[in-house]
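What follows is a set of notes on a single structure, which appears directly below.
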Amino acid sequence: MTDFYSWRRQKLHSPEETCIQIGNVDSHVKLSEMLKIGNEYIKAERNYYKQHNIRCVILNAAFHGDEAVGHMQIRRVYSYVDNDGIEKIGQNECLKRSDLSLPNPNKPIGKDNNYKMTVDADLRRILLDICEKHGLSIEREPERNAKHNRSKEKVVVDKERERAIQETIERQ
(Lines give C-alpha, C1' and ligand atoms only; values in the text may rest on other atoms or scores of the structure.)
Protein backbone atom coordinates (compact mmCIF):
# COMPACT_ATOMS: atom_id res chain seq x y z
CA MET A 1 0.00 0.00 0.00
CA THR A 2 1.27 3.48 -0.84
CA ASP A 3 0.94 6.61 1.25
CA PHE A 4 -1.44 9.45 0.35
CA TYR A 5 1.23 11.66 -1.23
CA SER A 6 2.48 8.87 -3.50
CA TRP A 7 -1.09 8.01 -4.47
CA ARG A 8 -1.90 11.68 -5.22
CA ARG A 9 1.11 12.02 -7.52
CA GLN A 10 0.06 9.09 -9.68
CA LYS A 11 -1.00 10.40 -13.08
CA LEU A 12 -4.39 8.72 -12.76
CA HIS A 13 -5.27 10.60 -9.54
CA SER A 14 -3.28 13.82 -9.66
CA PRO A 15 -5.03 17.10 -10.35
CA GLU A 16 -4.33 18.77 -13.66
CA GLU A 17 -2.12 21.83 -13.30
CA THR A 18 -1.88 24.64 -15.82
CA CYS A 19 0.59 27.51 -15.73
CA ILE A 20 -0.44 30.76 -17.38
CA GLN A 21 2.31 33.26 -18.08
CA ILE A 22 2.02 36.27 -20.34
CA GLY A 23 5.36 37.16 -21.85
CA ASN A 24 8.90 36.22 -20.89
CA VAL A 25 11.76 37.60 -18.79
CA ASP A 26 12.42 40.34 -21.35
CA SER A 27 8.82 41.45 -21.91
CA HIS A 28 5.85 40.68 -19.67
CA VAL A 29 2.76 42.24 -18.15
CA LYS A 30 2.81 43.87 -14.72
CA LEU A 31 1.63 41.70 -11.84
CA SER A 32 -1.41 43.94 -11.32
CA GLU A 33 -2.47 43.34 -14.93
CA MET A 34 -1.77 39.61 -14.60
CA LEU A 35 -4.06 39.50 -11.55
CA LYS A 36 -6.89 41.22 -13.45
CA ILE A 37 -6.51 38.93 -16.46
CA GLY A 38 -6.16 35.85 -14.24
CA ASN A 39 -9.28 36.58 -12.21
CA GLU A 40 -11.28 37.27 -15.35
CA TYR A 41 -9.97 34.03 -16.89
CA ILE A 42 -10.95 31.94 -13.84
CA LYS A 43 -14.52 33.26 -14.05
CA ALA A 44 -14.62 32.57 -17.81
CA GLU A 45 -13.23 29.06 -17.29
CA ARG A 46 -15.91 28.26 -14.71
CA ASN A 47 -18.60 29.56 -17.08
CA TYR A 48 -17.17 27.41 -19.89
CA TYR A 49 -17.46 24.26 -17.77
CA LYS A 50 -21.02 25.15 -16.81
CA GLN A 51 -22.04 25.88 -20.42
CA HIS A 52 -20.66 22.55 -21.65
CA ASN A 53 -21.90 20.35 -18.81
CA ILE A 54 -18.38 19.58 -17.58
CA ARG A 55 -17.94 18.53 -13.96
CA CYS A 56 -14.67 20.26 -13.22
CA VAL A 57 -13.62 21.75 -9.91
CA ILE A 58 -10.91 24.39 -9.82
CA LEU A 59 -9.09 23.39 -6.65
CA ASN A 60 -6.98 26.53 -6.46
CA ALA A 61 -5.42 29.29 -8.47
CA ALA A 62 -2.14 30.73 -7.21
CA PHE A 63 -0.54 33.92 -8.46
CA HIS A 64 3.26 33.98 -8.29
CA GLY A 65 4.70 37.46 -8.39
CA ASP A 66 7.95 36.62 -6.63
CA GLU A 67 9.67 35.13 -9.66
CA ALA A 68 11.22 36.71 -12.76
CA VAL A 69 7.87 36.69 -14.57
CA GLY A 70 4.55 36.79 -12.76
CA HIS A 71 2.34 33.84 -13.57
CA MET A 72 -0.68 31.91 -12.39
CA GLN A 73 -0.99 28.21 -11.65
CA ILE A 74 -4.42 26.60 -11.75
CA ARG A 75 -5.13 23.15 -10.32
CA ARG A 76 -8.32 21.36 -11.28
CA VAL A 77 -9.91 17.95 -11.24
CA TYR A 78 -12.55 16.46 -13.55
CA SER A 79 -15.22 14.10 -12.25
CA TYR A 80 -18.31 12.21 -13.36
CA VAL A 81 -21.08 10.19 -11.74
CA ASP A 82 -20.97 6.50 -12.66
CA ASN A 83 -24.00 4.27 -13.28
CA ASP A 84 -24.24 3.49 -9.54
CA GLY A 85 -24.45 7.19 -8.66
CA ILE A 86 -20.91 7.35 -7.29
CA GLU A 87 -18.82 10.40 -8.16
CA LYS A 88 -15.44 9.42 -9.57
CA ILE A 89 -12.40 11.30 -10.77
CA GLY A 90 -11.77 10.88 -14.47
CA GLN A 91 -10.98 13.49 -17.08
CA ASN A 92 -11.66 11.34 -20.16
CA GLU A 93 -14.99 10.02 -18.92
CA CYS A 94 -16.06 13.45 -17.69
CA LEU A 95 -15.35 15.10 -21.04
CA LYS A 96 -16.93 12.21 -22.96
CA ARG A 97 -20.18 12.91 -21.05
CA SER A 98 -20.09 16.64 -21.86
CA ASP A 99 -21.63 18.28 -24.91
CA LEU A 100 -18.26 18.92 -26.55
CA SER A 101 -17.31 17.82 -30.06
CA LEU A 102 -14.14 16.05 -31.02
CA PRO A 103 -11.62 18.13 -33.01
CA ASN A 104 -12.19 15.71 -35.91
CA PRO A 105 -15.60 14.01 -35.47
CA ASN A 106 -14.93 11.66 -38.41
CA LYS A 107 -11.91 10.04 -36.73
CA PRO A 108 -11.86 7.74 -33.69
CA ILE A 109 -10.98 9.05 -30.24
CA GLY A 110 -7.24 8.82 -29.64
CA LYS A 111 -4.08 10.69 -28.77
CA ASP A 112 -4.51 13.08 -31.71
CA ASN A 113 -8.31 13.40 -31.49
CA ASN A 114 -9.88 13.76 -28.06
CA TYR A 115 -12.19 16.00 -26.05
CA LYS A 116 -9.33 17.45 -23.99
CA MET A 117 -7.90 18.93 -27.18
CA THR A 118 -11.21 20.75 -27.68
CA VAL A 119 -11.20 22.04 -24.10
CA ASP A 120 -7.58 23.23 -24.35
CA ALA A 121 -8.20 25.03 -27.66
CA ASP A 122 -11.37 26.68 -26.35
CA LEU A 123 -9.74 27.80 -23.08
CA ARG A 124 -6.72 29.15 -24.96
CA ARG A 125 -9.05 31.17 -27.21
CA ILE A 126 -10.88 32.50 -24.13
CA LEU A 127 -7.58 33.56 -22.52
CA LEU A 128 -6.39 35.25 -25.73
CA ASP A 129 -9.71 37.10 -26.06
CA ILE A 130 -9.31 38.37 -22.49
CA CYS A 131 -5.72 39.45 -23.17
CA GLU A 132 -6.78 41.34 -26.29
CA LYS A 133 -9.59 43.00 -24.33
CA HIS A 134 -6.85 44.27 -22.02
CA GLY A 135 -4.91 45.68 -24.98
CA LEU A 136 -2.35 42.89 -25.34
CA SER A 137 -1.29 41.32 -28.63
CA ILE A 138 -0.71 37.58 -28.21
CA GLU A 139 0.20 34.85 -30.73
CA ARG A 140 -2.98 32.98 -31.62
CA GLU A 141 -1.33 29.74 -32.77
CA PRO A 142 0.70 27.79 -30.19
CA GLU A 143 4.18 26.72 -31.25
CA ARG A 144 4.47 22.96 -31.62
CA ASN A 145 7.24 21.39 -29.51
CA ALA A 146 8.32 24.84 -28.31
CA LYS A 147 10.79 25.05 -25.46
CA HIS A 148 8.19 26.73 -23.24
CA ASN A 149 5.72 23.85 -23.75
CA ARG A 150 7.94 21.36 -21.90
CA SER A 151 6.87 19.54 -18.75
CA LYS A 152 8.53 20.43 -15.46
CA GLU A 153 10.47 17.15 -15.55
CA LYS A 154 11.75 17.90 -19.05
CA VAL A 155 12.84 21.40 -17.99
CA VAL A 156 14.84 19.94 -15.08
CA VAL A 157 16.48 17.30 -17.30
CA ASP A 158 17.33 19.91 -19.96
CA LYS A 159 18.84 22.26 -17.35
CA GLU A 160 20.97 19.45 -15.92
CA ARG A 161 22.14 18.55 -19.43
CA GLU A 162 22.98 22.21 -20.21
CA ARG A 163 24.88 22.52 -16.91
CA ALA A 164 26.88 19.37 -17.67
CA ILE A 165 27.73 20.63 -21.15
CA GLN A 166 28.83 24.00 -19.72
CA GLU A 167 31.02 22.28 -17.11
CA THR A 168 32.63 20.15 -19.84
CA ILE A 169 33.32 23.25 -21.93
CA GLU A 170 34.86 25.08 -18.95
CA ARG A 171 37.12 22.10 -18.13
CA GLN A 172 38.38 21.91 -21.70
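Residues in the C-alpha coordinates are named by chain (A, B, ... in the order shown) and by number from 1 within that chain; ligands are numbered from 1 in the order shown.
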
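Non-sequential neighbours of range 134-139 of chain A (distance at most 9 Å, separation of 3 or more positions within a chain, only C-alpha atoms) are Ile22, Gly23, Val29, Glu33, Ile37, Leu128, Asp129, Ile130, Cys131 and Pro142 of chain A.
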
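A straight line drawn from CA of Glu87 in chain A to CA of Arg46 in chain A is 19.2 Å long.
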
*Could you give me the residues within range 15-154 of chain A that DSSP places in strand (DSSP E), as a ChimeraX atom specification?*
/A:16-21,56-64,71-81,87-89

_Secondary structure check, alpha helix (DSSP H) residues of range 37-166 of chain A, as JSON, numbers by chain_ = {"A": [37, 38, 39, 40, 41, 42, 43, 44, 45, 46, 47, 48, 49, 50, 51, 91, 92, 93, 94, 95, 96, 115, 116, 117, 118, 119, 120, 121, 122, 123, 124, 125, 126, 127, 128, 129, 130, 131, 132, 133, 152, 153, 154, 155, 156, 157, 158, 159, 160, 161, 162, 163, 164, 165, 166]}

Counting only C-alpha atoms, which residues of range 19-77 of chain A sit at most 10 Å from some atom of range 91-110 of chain A, and what is each one's closest atom pair with its distance in Å to one decimal, listed by chain and rising residue number, as JSON lines?
```
{"residue": "A:Tyr49", "atom": "CA", "partner": "A:Ser98", "partner_atom": "CA", "distance": 9.0}
{"residue": "A:Lys50", "atom": "CA", "partner": "A:Ser98", "partner_atom": "CA", "distance": 9.9}
{"residue": "A:Gln51", "atom": "CA", "partner": "A:Asp99", "partner_atom": "CA", "distance": 8.8}
{"residue": "A:His52", "atom": "CA", "partner": "A:Asp99", "partner_atom": "CA", "distance": 5.5}
{"residue": "A:Asn53", "atom": "CA", "partner": "A:Ser98", "partner_atom": "CA", "distance": 5.1}
{"residue": "A:Ile54", "atom": "CA", "partner": "A:Ser98", "partner_atom": "CA", "distance": 5.5}
{"residue": "A:Arg55", "atom": "CA", "partner": "A:Cys94", "partner_atom": "CA", "distance": 6.6}
{"residue": "A:Cys56", "atom": "CA", "partner": "A:Cys94", "partner_atom": "CA", "distance": 8.3}
{"residue": "A:Val77", "atom": "CA", "partner": "A:Gln91", "partner_atom": "CA", "distance": 7.4}
```

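Note that CA of Asn60 in chain A and CA of Met34 in chain A are 16.3 Å apart.
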
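The closest residue to Ala62 in chain A, picked from A:Lys88, A:Lys154, A:Arg140, A:Arg75 and counting only C-alpha atoms, is A:Arg75.
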
Would you pick out the contacts of Gly65 in chain A at 12 Å or less, using only C-alpha atoms, so that residues sharing its chain but fewer than 5 positions from it are not included, and give the list as a tab-separated table (two decimals) with all heavy atoms, in the first residue's frame?
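Result file is around22.tsv:
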```
chain	number	residue	atom	x	y	z
A	21	GLN	N	1.30	32.19	-18.15
A	21	GLN	CA	2.31	33.26	-18.08
A	21	GLN	C	2.16	34.09	-19.34
A	21	GLN	O	2.04	33.54	-20.44
A	21	GLN	CB	3.70	32.64	-18.00
A	21	GLN	CG	4.81	33.64	-18.03
A	21	GLN	CD	6.17	32.97	-17.92
A	21	GLN	OE1	6.39	32.19	-17.02
A	21	GLN	NE2	7.05	33.27	-18.86
A	28	HIS	N	7.02	41.30	-20.29
A	28	HIS	CA	5.85	40.68	-19.67
A	28	HIS	C	4.94	41.74	-19.07
A	28	HIS	O	5.33	42.89	-18.91
A	28	HIS	CB	6.28	39.66	-18.61
A	28	HIS	CG	7.17	40.23	-17.56
A	28	HIS	ND1	8.54	40.28	-17.71
A	28	HIS	CD2	6.91	40.80	-16.37
A	28	HIS	CE1	9.07	40.84	-16.64
A	28	HIS	NE2	8.11	41.18	-15.82
A	29	VAL	N	3.72	41.32	-18.74
A	29	VAL	CA	2.76	42.24	-18.15
A	29	VAL	C	3.09	42.46	-16.67
A	29	VAL	O	3.72	41.62	-16.03
A	29	VAL	CB	1.30	41.72	-18.29
A	29	VAL	CG1	0.92	41.61	-19.74
A	29	VAL	CG2	1.10	40.40	-17.58
A	30	LYS	N	2.64	43.58	-16.15
A	30	LYS	CA	2.81	43.87	-14.72
A	30	LYS	C	1.96	42.88	-13.93
A	30	LYS	O	0.95	42.38	-14.42
A	30	LYS	CB	2.37	45.29	-14.41
A	30	LYS	CG	3.23	46.36	-15.02
A	30	LYS	CD	2.70	47.72	-14.64
A	30	LYS	CE	3.50	48.81	-15.32
A	30	LYS	NZ	2.93	50.14	-15.07
A	31	LEU	N	2.37	42.64	-12.69
A	31	LEU	CA	1.63	41.70	-11.84
A	31	LEU	C	0.18	42.15	-11.66
A	31	LEU	O	-0.73	41.33	-11.67
A	31	LEU	CB	2.33	41.54	-10.49
A	31	LEU	CG	1.71	40.51	-9.55
A	31	LEU	CD1	1.71	39.13	-10.20
A	31	LEU	CD2	2.45	40.46	-8.24
A	32	SER	N	-0.04	43.45	-11.50
A	32	SER	CA	-1.41	43.94	-11.32
A	32	SER	C	-2.29	43.59	-12.52
A	32	SER	O	-3.46	43.22	-12.36
A	32	SER	CB	-1.41	45.46	-11.07
A	32	SER	OG	-0.84	46.13	-12.17
A	33	GLU	N	-1.73	43.69	-13.71
A	33	GLU	CA	-2.47	43.34	-14.93
A	33	GLU	C	-2.68	41.83	-15.00
A	33	GLU	O	-3.73	41.35	-15.40
A	33	GLU	CB	-1.74	43.86	-16.18
A	33	GLU	CG	-2.55	43.79	-17.43
A	33	GLU	CD	-3.73	44.77	-17.47
A	33	GLU	OE1	-3.77	45.70	-16.65
A	33	GLU	OE2	-4.61	44.58	-18.32
A	34	MET	N	-1.66	41.07	-14.61
A	34	MET	CA	-1.77	39.61	-14.60
A	34	MET	C	-2.89	39.18	-13.65
A	34	MET	O	-3.65	38.25	-13.95
A	34	MET	CB	-0.43	38.99	-14.19
A	34	MET	CG	-0.40	37.49	-14.20
A	34	MET	SD	-0.53	36.85	-15.89
A	34	MET	CE	-1.31	35.30	-15.56
A	35	LEU	N	-3.00	39.83	-12.51
A	35	LEU	CA	-4.06	39.50	-11.55
A	35	LEU	C	-5.44	39.77	-12.15
A	35	LEU	O	-6.35	38.96	-12.01
A	35	LEU	CB	-3.88	40.31	-10.27
A	35	LEU	CG	-2.74	39.88	-9.36
A	35	LEU	CD1	-2.47	40.93	-8.28
A	35	LEU	CD2	-3.04	38.54	-8.73
A	70	GLY	N	5.76	37.16	-13.48
A	70	GLY	CA	4.55	36.79	-12.76
A	70	GLY	C	3.72	35.81	-13.57
A	70	GLY	O	3.64	35.92	-14.79
A	71	HIS	N	3.15	34.84	-12.89
A	71	HIS	CA	2.34	33.84	-13.57
A	71	HIS	C	1.29	33.29	-12.63
A	71	HIS	O	1.31	33.57	-11.43
A	71	HIS	CB	3.20	32.71	-14.14
A	71	HIS	CG	3.97	31.97	-13.10
A	71	HIS	ND1	5.15	32.43	-12.57
A	71	HIS	CD2	3.71	30.81	-12.46
A	71	HIS	CE1	5.60	31.59	-11.66
A	71	HIS	NE2	4.74	30.59	-11.58
A	72	MET	N	0.39	32.51	-13.17
A	72	MET	CA	-0.68	31.91	-12.39
A	72	MET	C	-0.69	30.41	-12.62
A	72	MET	O	-0.51	29.95	-13.74
A	72	MET	CB	-2.02	32.52	-12.84
A	72	MET	CG	-3.22	31.96	-12.12
A	72	MET	SD	-4.77	32.80	-12.56
A	72	MET	CE	-4.95	32.32	-14.25
A	73	GLN	N	-0.87	29.66	-11.54
A	73	GLN	CA	-0.99	28.21	-11.65
A	73	GLN	C	-2.40	27.84	-11.21
A	73	GLN	O	-2.87	28.28	-10.16
A	73	GLN	CB	0.04	27.51	-10.77
A	73	GLN	CG	1.45	27.72	-11.27
A	73	GLN	CD	2.49	27.16	-10.33
A	73	GLN	OE1	2.27	27.06	-9.13
A	73	GLN	NE2	3.64	26.79	-10.88
```

_For Ile126 in chain A: contacts at 9 Å, only C-alpha atoms, fewer than 6 positions along chain excluded, given as number ranges by chain_ = A: 41, 44-45

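Of the residues under consideration (A:Ala68, A:Ile169, A:Ser79, A:Ile42), A:Ala68 shows the shortest atom-to-atom contact distance to Asp26 in chain A when counting only C-alpha atoms.
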